[in-house]
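Working notes, structure below.
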Number of protein chains: 2
Amino acid sequence: MQPSFTITVELGERRYPIFIGRGLAGAFDLAPYLAGGACLVVTDETVGPLWLDRVRGSLPAHTESLALPAGESHKTAATAWRVIDALAAMRAGRDASVVALGGGVVGDIAGFAAACYMRGVAFVQVPTTLLAQVDSSVGGKTGVNHPAGKNLVGAFHQPRAVLIDTDVLGTLPDRELVAGLAEVIKHAVIADAEFFDWLEAHMDELLARSPGALAHAIRRSCEIKAAVVAADEREAGSRALLNYGHTFGHAIENVQGYGEWLHGEAVAAGMVMAAELSGVDEAELSRLRALLERAGLPTAPPEGARGKLADAMGMDKKNRRGELRFVLLERLGRAVVGRPHSPARLAKILAP
Amino acid sequence: MQPSFTITVELGERRYPIFIGRGLAGAFDLAPYLAGGACLVVTDETVGPLWLDRVRGSLPAHTESLALPAGESHKTAATAWRVIDALAAMRAGRDASVVALGGGVVGDIAGFAAACYMRGVAFVQVPTTLLAQVDSSVGGKTGVNHPAGKNLVGAFHQPRAVLIDTDVLGTLPDRELVAGLAEVIKHAVIADAEFFDWLEAHMDELLARSPGALAHAIRRSCEIKAAVVAADEREAGSRALLNYGHTFGHAIENVQGYGEWLHGEAVAAGMVMAAELSGVDEAELSRLRALLERAGLPTAPPEGARGKLADAMGMDKKNRRGELRFVLLERLGRAVVGRPHSPARLAKILAP
């Protein structure tokens with residue numbers, strides 16, 4: 001089966017394709033993107049029962065599988081070690097492949113294990129949430145959490161291919177679909193005003209899960225992310241654009257306790273705060289708020305949280321990592337890295 | 001203080017210098033090779049008391065330190081995690097640096113932690129054993145052991161610099177010095193017949209720890225290893241040359257139980273076996289045996305072990321990793337990768 005769209009992430013010898021289309025899982029042959037030896041599908045206890053049997057059709061007959069417990073609280077070194085143990089038990093060699101079937105948590109854990117096993121084996125992503133399809137499965141960031149911080153331990157390990165089957169979104173809960181739309185909107189906001197227009201015109205179709213609209217939104221998001229990653233694989237500079245809304249967003253997650261708000265929800269509110277900090281004009285701010293609201297996303301931090309965000313962002317004397325840096329907007333469709341923010345505006349935004 | 005020799009490992013944007021000389025530890029300023037943020041020296045309980053205070057002179061005043069328990073049995077993920085925990089406790093950011101002060105075990109653990117912390121922070125090696133100076137500190141292989149195999153989990157993470165102070169060998173036990181000479185001899189055997197001649201002419205000086213002779217042997221070893229690594233950083237092909245003698249050597253370690261024989265001792269016997277398997281002429285075999293014997297290294301597996309090596313090399317039905325491949329010698333000074341070995345000769349070598 002042929003994908004509707006193929007995007008290439010241009011990373012020299014690590015370049016790889018992203019295939020997007022309906023019904024690809026199980027029908028599209030992934031063998032050319034595997035290394036030929038042992039093959040392990042890593043999934044979780046939510047996604048596995050729904051999609052594992054189907055996806056086996058894309059993989060060699062000798063493929064084995066491992067279902068991890070679902071959820072961010074399991075994104076730990078101990079869970080990554082379970083993947084390593086499974087590979088070792090298979091006597092997997094340097095020609096092994098790891099396939100991640102699931103959302104961002106599964107992809108991050110499986111990718112980190114693939115990066116470390118024998119100092120790196122082949123890795124393929126089959127993301128099953130909109131968030132993973134448009135964000136975490138593209139770009140090679142893998143990792144696990146540490147008590148001292150999210151994604152504190154990890155590796156850059158690019159996949160050999162990303163297989164995005166829009167049909168798998170059929171089993172995704174509404175709230176998670178909407179949270180994924182936050183990152184789609186982010187890609188438009190930072191890099192493509194026309195795409196922002198398109199999202200305004202097609203939000204109803206996206207919420208109704210129109211396959212055509214979803215495929216276009218995923219494609220354009222992946223194109224934008226792929227271009228950013230190709231320009232700065234290891235986030236020495238411009239890749240930080242992708243963090244638009246995330247400094248505020250992470251602080252909201254932190255204050256709420258991770259898991260209360262979904263990542264995409266926190267980023268949605270964070271994007272509005274970052275737009276306010278950027279000083280974009282009121283008309284653009286209104287358009288951003290309106291699009292997020294139509295998607296069903298929050299546009300402000302939760303009740304009572306605003307006053308606690310400064311601490312959560314590490315704005316204290318113990319912060320040795322230097323000044324906080326924000327990705328700012330020039331206008332809708334153009335974000336910039338490295339421009340100083342207005343401390344006065346920041347203080348106003350963070351006032352309880 | 002200026003080093004006597006500087007070698008560059010040519011790896012494009014990851015190129016780095018190896019500084020070699022007397023009295024460099026503490027006198028040579030490493031600041032230009034650090035990332036500017038938090039700095040953690042990782043050492044062990046043997047080396048730390050001997051050299052940590054001295055080495056601090058090469059590092060920023062705010063440097064902190066962590067002494068790991070000494071020995072291969074501690075080369076585990078749990079120990080690497082202690083390094084991660086220490087960095088997290090320091091609130092180290094992406095501008096952190098990890099400095100490994102010790103032998104191969106410390107370098108492998110600290111390097112792996114540096115590779116994983118925030119997806120990779122700066123790393124500097126200050127090797128304190130001859131083995132680490134001529135082998136493990138150069139080339140970017142890092143990792144820890146897993147119950148299923150040595151170095152099963154790891155990363156390629158190149159140091160920013162390697163500082164080799166020949167004075168630190170003054171506190172190295174004789175047996176470890178000799179084990180390091182095995183890898184020096186290996187570099188001559190695989191790539192440089194003239195260096196082999198030189199080793200024959202200067203073995204007594206090396207054993208007497210003549211600083212000049214040691215510096216030359218270390219320099220030439222690092223040059224050979226650097227050239228091999230530059231040609232094939234991730235061991236897709238020719239880097240396997242460095243494994244000369246190691247297939248037999250690992251099997252000997254395995255049969256003996258790791259720790260009975262030092263790695264270099266096992267490799268010494270393995271090099272003779274690999275030369276026999278290569279079918280080099282008797283005169284060259286005799287020269288190799290004679291040089292190893294003069295160094296005080298074994299030239300054959302321990303009593304009773306020979307018959308058990310086949311199993312230890314995974315020559316059984318469960319070996320899914322394909323046929324065993326040996327690095328063979330064309331002659332002293334020239335090893336080759338990928339040439340088929342003679343099964344008859346192998347059977348004879350492995351006969352009890």
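Chain identifiers are assigned as A, B, and so on, following the order in which chains appear in the structure tokens; residues are numbered from 1 within each chain, and ligands are numbered from 1 in order of appearance.
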
Write out as a ChimeraX atom specification all residues of segment 71-230 of chain B that backbone DSSP assigns to helix (DSSP H, G or I).
/B:72-74,77-89,104-116,130-136,166-171,174-191,193-207,211-230

Got a sec: who's within 7 Å of Leu130 of chain A, counting only C-alpha atoms, leaving out chain neighbours fewer than 6 positions off, as a count of residues only?
3

Extract, using only C-alpha atoms, all DNA, RNA and protein residues at most 12 Å from segment 327-340 of chain B, discarding same-chain residues fewer than 4 positions from it, and format them as a VMD selection string.
chain B and resid 185 to 197 224 228 235 to 248 270 to 289 323 344 to 346

Just write the chosen residues, N, CA and C atoms, as a compact mmCIF listing (two decimals), in the first residue's frame.
# COMPACT_ATOMS: atom_id res chain seq x y z
N ILE B 185 51.03 -3.34 22.10
CA ILE B 185 51.55 -4.33 21.15
C ILE B 185 50.50 -4.62 20.07
N LYS B 186 49.25 -4.69 20.48
CA LYS B 186 48.18 -4.93 19.49
C LYS B 186 48.17 -3.85 18.40
N HIS B 187 48.33 -2.59 18.81
CA HIS B 187 48.32 -1.52 17.81
C HIS B 187 49.46 -1.70 16.81
N ALA B 188 50.63 -2.12 17.31
CA ALA B 188 51.75 -2.38 16.40
C ALA B 188 51.42 -3.55 15.47
N VAL B 189 50.87 -4.60 16.05
CA VAL B 189 50.59 -5.82 15.28
C VAL B 189 49.60 -5.56 14.15
N ILE B 190 48.57 -4.75 14.42
CA ILE B 190 47.55 -4.57 13.38
C ILE B 190 47.93 -3.54 12.34
N ALA B 191 48.85 -2.62 12.67
CA ALA B 191 49.00 -1.48 11.76
C ALA B 191 50.40 -0.94 11.53
N ASP B 192 51.42 -1.41 12.24
CA ASP B 192 52.69 -0.71 12.12
C ASP B 192 53.87 -1.61 12.48
N ALA B 193 54.46 -2.23 11.46
CA ALA B 193 55.58 -3.16 11.67
C ALA B 193 56.79 -2.44 12.27
N GLU B 194 56.99 -1.19 11.88
CA GLU B 194 58.13 -0.44 12.43
C GLU B 194 57.97 -0.22 13.93
N PHE B 195 56.73 0.05 14.33
CA PHE B 195 56.46 0.24 15.76
C PHE B 195 56.69 -1.08 16.50
N PHE B 196 56.37 -2.19 15.85
CA PHE B 196 56.65 -3.50 16.46
C PHE B 196 58.16 -3.65 16.68
N ASP B 197 58.94 -3.29 15.66
CA ASP B 197 60.41 -3.33 15.80
C ASP B 197 60.85 -2.46 17.00
N ILE B 224 47.66 5.50 16.04
CA ILE B 224 47.08 4.37 15.29
C ILE B 224 45.59 4.26 15.58
N VAL B 228 42.29 4.85 12.96
CA VAL B 228 41.27 3.82 12.72
C VAL B 228 39.88 4.37 13.06
N GLU B 235 32.15 1.85 13.88
CA GLU B 235 32.46 0.45 13.67
C GLU B 235 31.53 -0.22 12.66
N ALA B 236 31.36 0.44 11.51
CA ALA B 236 30.62 -0.18 10.42
C ALA B 236 31.53 -1.17 9.70
N GLY B 237 32.83 -1.01 9.82
CA GLY B 237 33.74 -1.90 9.10
C GLY B 237 35.12 -1.94 9.72
N SER B 238 36.00 -1.04 9.23
CA SER B 238 37.42 -1.18 9.53
C SER B 238 37.76 -0.97 11.00
N ARG B 239 36.89 -0.30 11.77
CA ARG B 239 37.21 -0.12 13.19
C ARG B 239 37.34 -1.46 13.90
N ALA B 240 36.72 -2.49 13.33
CA ALA B 240 36.82 -3.83 13.92
C ALA B 240 38.26 -4.31 14.01
N LEU B 241 39.17 -3.71 13.24
CA LEU B 241 40.60 -4.05 13.34
C LEU B 241 41.08 -3.99 14.78
N LEU B 242 40.53 -3.04 15.52
CA LEU B 242 40.96 -2.84 16.91
C LEU B 242 40.57 -4.03 17.78
N ASN B 243 39.69 -4.88 17.27
CA ASN B 243 39.28 -6.06 18.03
C ASN B 243 40.22 -7.24 17.81
N TYR B 244 41.32 -7.01 17.13
CA TYR B 244 42.27 -8.11 16.92
C TYR B 244 42.61 -8.79 18.26
N GLY B 245 42.47 -10.11 18.28
CA GLY B 245 42.78 -10.88 19.50
C GLY B 245 41.66 -10.87 20.52
N HIS B 246 40.61 -10.10 20.25
CA HIS B 246 39.57 -9.91 21.27
C HIS B 246 38.50 -10.99 21.26
N THR B 247 38.27 -11.65 20.13
CA THR B 247 37.26 -12.71 20.13
C THR B 247 37.74 -13.85 21.03
N PHE B 248 38.99 -14.25 20.83
CA PHE B 248 39.57 -15.25 21.73
C PHE B 248 39.73 -14.67 23.15
N GLY B 270 44.97 -14.10 23.30
CA GLY B 270 44.08 -14.08 22.13
C GLY B 270 44.80 -13.65 20.87
N MET B 271 45.74 -12.74 20.99
CA MET B 271 46.49 -12.29 19.81
C MET B 271 47.32 -13.42 19.22
N VAL B 272 47.89 -14.24 20.10
CA VAL B 272 48.67 -15.37 19.60
C VAL B 272 47.75 -16.35 18.89
N MET B 273 46.61 -16.64 19.50
CA MET B 273 45.67 -17.57 18.87
C MET B 273 45.19 -17.03 17.52
N ALA B 274 44.92 -15.73 17.46
CA ALA B 274 44.46 -15.13 16.20
C ALA B 274 45.56 -15.17 15.15
N ALA B 275 46.81 -15.03 15.59
CA ALA B 275 47.92 -15.12 14.64
C ALA B 275 48.03 -16.55 14.10
N GLU B 276 47.84 -17.53 15.01
CA GLU B 276 47.83 -18.93 14.56
C GLU B 276 46.71 -19.16 13.56
N LEU B 277 45.53 -18.64 13.87
CA LEU B 277 44.39 -18.80 12.96
C LEU B 277 44.66 -18.14 11.61
N SER B 278 45.42 -17.05 11.65
CA SER B 278 45.72 -16.32 10.41
C SER B 278 46.70 -17.09 9.53
N GLY B 279 47.43 -18.03 10.12
CA GLY B 279 48.42 -18.77 9.35
C GLY B 279 49.65 -17.96 9.00
N VAL B 280 49.99 -16.97 9.83
CA VAL B 280 51.25 -16.24 9.56
C VAL B 280 52.42 -17.20 9.79
N ASP B 281 53.55 -16.87 9.18
CA ASP B 281 54.63 -17.87 9.24
C ASP B 281 55.22 -17.97 10.64
N GLU B 282 55.93 -19.06 10.86
CA GLU B 282 56.39 -19.41 12.20
C GLU B 282 57.33 -18.36 12.78
N ALA B 283 58.13 -17.74 11.92
CA ALA B 283 59.07 -16.72 12.40
C ALA B 283 58.31 -15.54 13.01
N GLU B 284 57.24 -15.13 12.36
CA GLU B 284 56.46 -13.99 12.88
C GLU B 284 55.74 -14.38 14.16
N LEU B 285 55.18 -15.59 14.17
CA LEU B 285 54.53 -16.07 15.39
C LEU B 285 55.51 -16.06 16.56
N SER B 286 56.74 -16.50 16.29
CA SER B 286 57.75 -16.54 17.35
C SER B 286 58.08 -15.14 17.85
N ARG B 287 58.17 -14.19 16.93
CA ARG B 287 58.45 -12.81 17.35
C ARG B 287 57.33 -12.28 18.24
N LEU B 288 56.08 -12.57 17.83
CA LEU B 288 54.94 -12.10 18.63
C LEU B 288 54.97 -12.72 20.02
N ARG B 289 55.14 -14.05 20.05
CA ARG B 289 55.20 -14.73 21.36
C ARG B 289 56.34 -14.17 22.21
N GLU B 323 27.74 -16.00 11.80
CA GLU B 323 29.01 -16.68 11.97
C GLU B 323 30.00 -15.82 12.74
N ALA B 344 39.20 -25.52 9.79
CA ALA B 344 40.07 -26.61 10.25
C ALA B 344 41.10 -26.07 11.25
N ARG B 345 41.71 -24.93 10.87
CA ARG B 345 42.69 -24.33 11.77
C ARG B 345 42.03 -23.91 13.10
N LEU B 346 40.81 -23.38 12.99
CA LEU B 346 40.11 -22.96 14.21
C LEU B 346 39.85 -24.15 15.11

Would you mind listing, for every residue of chain A within 6 Å of chain B, the two atoms forming the shortest contact and the distance between them in Å to one decimal, using only C-alpha atoms, sorted by chain and ascending residue number, as a Markdown table?
| residue | atom | partner | partner_atom | distance |
| --- | --- | --- | --- | --- |
| A:Gly93 | CA | B:Arg321 | CA | 5.9 |
| A:Cys116 | CA | B:Gly154 | CA | 4.8 |
| A:Tyr117 | CA | B:Val153 | CA | 4.8 |
| A:Met118 | CA | B:Leu152 | CA | 4.9 |
| A:Arg119 | CA | B:Ala155 | CA | 4.3 |
| A:Leu152 | CA | B:Met118 | CA | 4.9 |
| A:Val153 | CA | B:Tyr117 | CA | 4.8 |
| A:Gly154 | CA | B:Arg119 | CA | 4.6 |
| A:Ala155 | CA | B:Arg119 | CA | 4.3 |
| A:Arg321 | CA | B:Gly93 | CA | 5.9 |

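Atom CA of Leu207 of chain B to atom CA of Ile18 of chain B spans 23.4 Å [interatomic distance, one decimal].
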
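Closest to Ala226 of chain B among B:Val47, B:Leu40, B:Val124, B:Val162 is B:Val162, based on only C-alpha atoms.
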
Would you please give, as a VMD selection string, all residues of segment 76-273 of chain A that DSSP assigns to strand (DSSP E) based on the backbone?
chain A and resid 97 to 102 122 to 127 141 to 146 149 to 156 161 to 165

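Non-sequential neighbours of segment 56-72 of chain B (distance at most 8 Å, separation of 2 or more positions within a chain, only C-alpha atoms) are B:Ala25, B:Gly26, B:Ala27, B:Phe28, B:Asp29, B:Leu30, B:Ala31, B:Ala38, B:Cys39, B:Leu40, B:Val41, B:Val42, B:Thr43, B:Asp44, B:Glu45, B:Thr46, B:Gly48, B:Leu52, B:Asp53, B:Arg54, B:His74, B:Lys75, B:Thr79, B:Val83, B:Ala86, B:Val105, B:Val106, B:Gly259.
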
Could you name the residues that touch Ala230 of chain B at 9 Å or less, counting only C-alpha atoms, but leaving out those on the same chain fewer than 6 positions away, as a PyMOL selection string?
chain B and resi 9-12+15+139+239

Could you write out that same residue set with N, CA, C and O atoms as a short mmCIF file (atom, residue, chain, number, x, y, z; two decimals), in the first residue's frame?
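Writing the result to out-v4.cif gives the following:
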data_model
loop_
_atom_site.label_atom_id
_atom_site.label_comp_id
_atom_site.auth_asym_id
_atom_site.auth_seq_id
_atom_site.Cartn_x
_atom_site.Cartn_y
_atom_site.Cartn_z
N VAL B 9 42.17 13.65 16.86
CA VAL B 9 41.28 12.62 16.32
C VAL B 9 40.35 13.33 15.34
O VAL B 9 39.54 14.18 15.74
N GLU B 10 40.49 13.02 14.07
CA GLU B 10 39.80 13.77 13.02
C GLU B 10 38.39 13.24 12.81
O GLU B 10 38.15 12.30 12.07
N LEU B 11 37.45 13.87 13.48
CA LEU B 11 36.05 13.44 13.37
C LEU B 11 35.15 14.62 13.04
O LEU B 11 34.09 14.80 13.63
N GLY B 12 35.58 15.43 12.09
CA GLY B 12 34.76 16.55 11.65
C GLY B 12 34.44 17.47 12.80
O GLY B 12 35.33 17.89 13.55
N ARG B 15 35.90 16.54 16.13
CA ARG B 15 37.34 16.34 16.26
C ARG B 15 37.81 16.81 17.64
O ARG B 15 37.25 17.75 18.21
N GLY B 139 38.24 7.32 21.24
CA GLY B 139 37.35 6.66 20.29
C GLY B 139 35.88 6.79 20.59
O GLY B 139 35.04 6.48 19.75
N ARG B 239 36.89 -0.30 11.77
CA ARG B 239 37.21 -0.12 13.19
C ARG B 239 37.34 -1.46 13.90
O ARG B 239 38.01 -1.56 14.94
#

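Residues in contact with Ser137 of chain A at up to 10 Å, not including ones fewer than 3 positions away on its chain and judged by only C-alpha atoms, are A:Ile18, A:Ala100, A:Gly102, A:Gly103, A:Gly104, A:Val106, A:Gly107, A:Asp108, A:Gly111, A:Val124, A:Gln125, A:Val126, A:Pro127, A:Thr128, A:Thr129, A:Leu131, A:Ala132, A:Gln133, A:Val134, A:Gly140, A:Lys141, A:Thr142, A:Gln158, A:Pro159, A:Ala161, A:Val162, A:Leu163, A:Ile164, A:Cys222.
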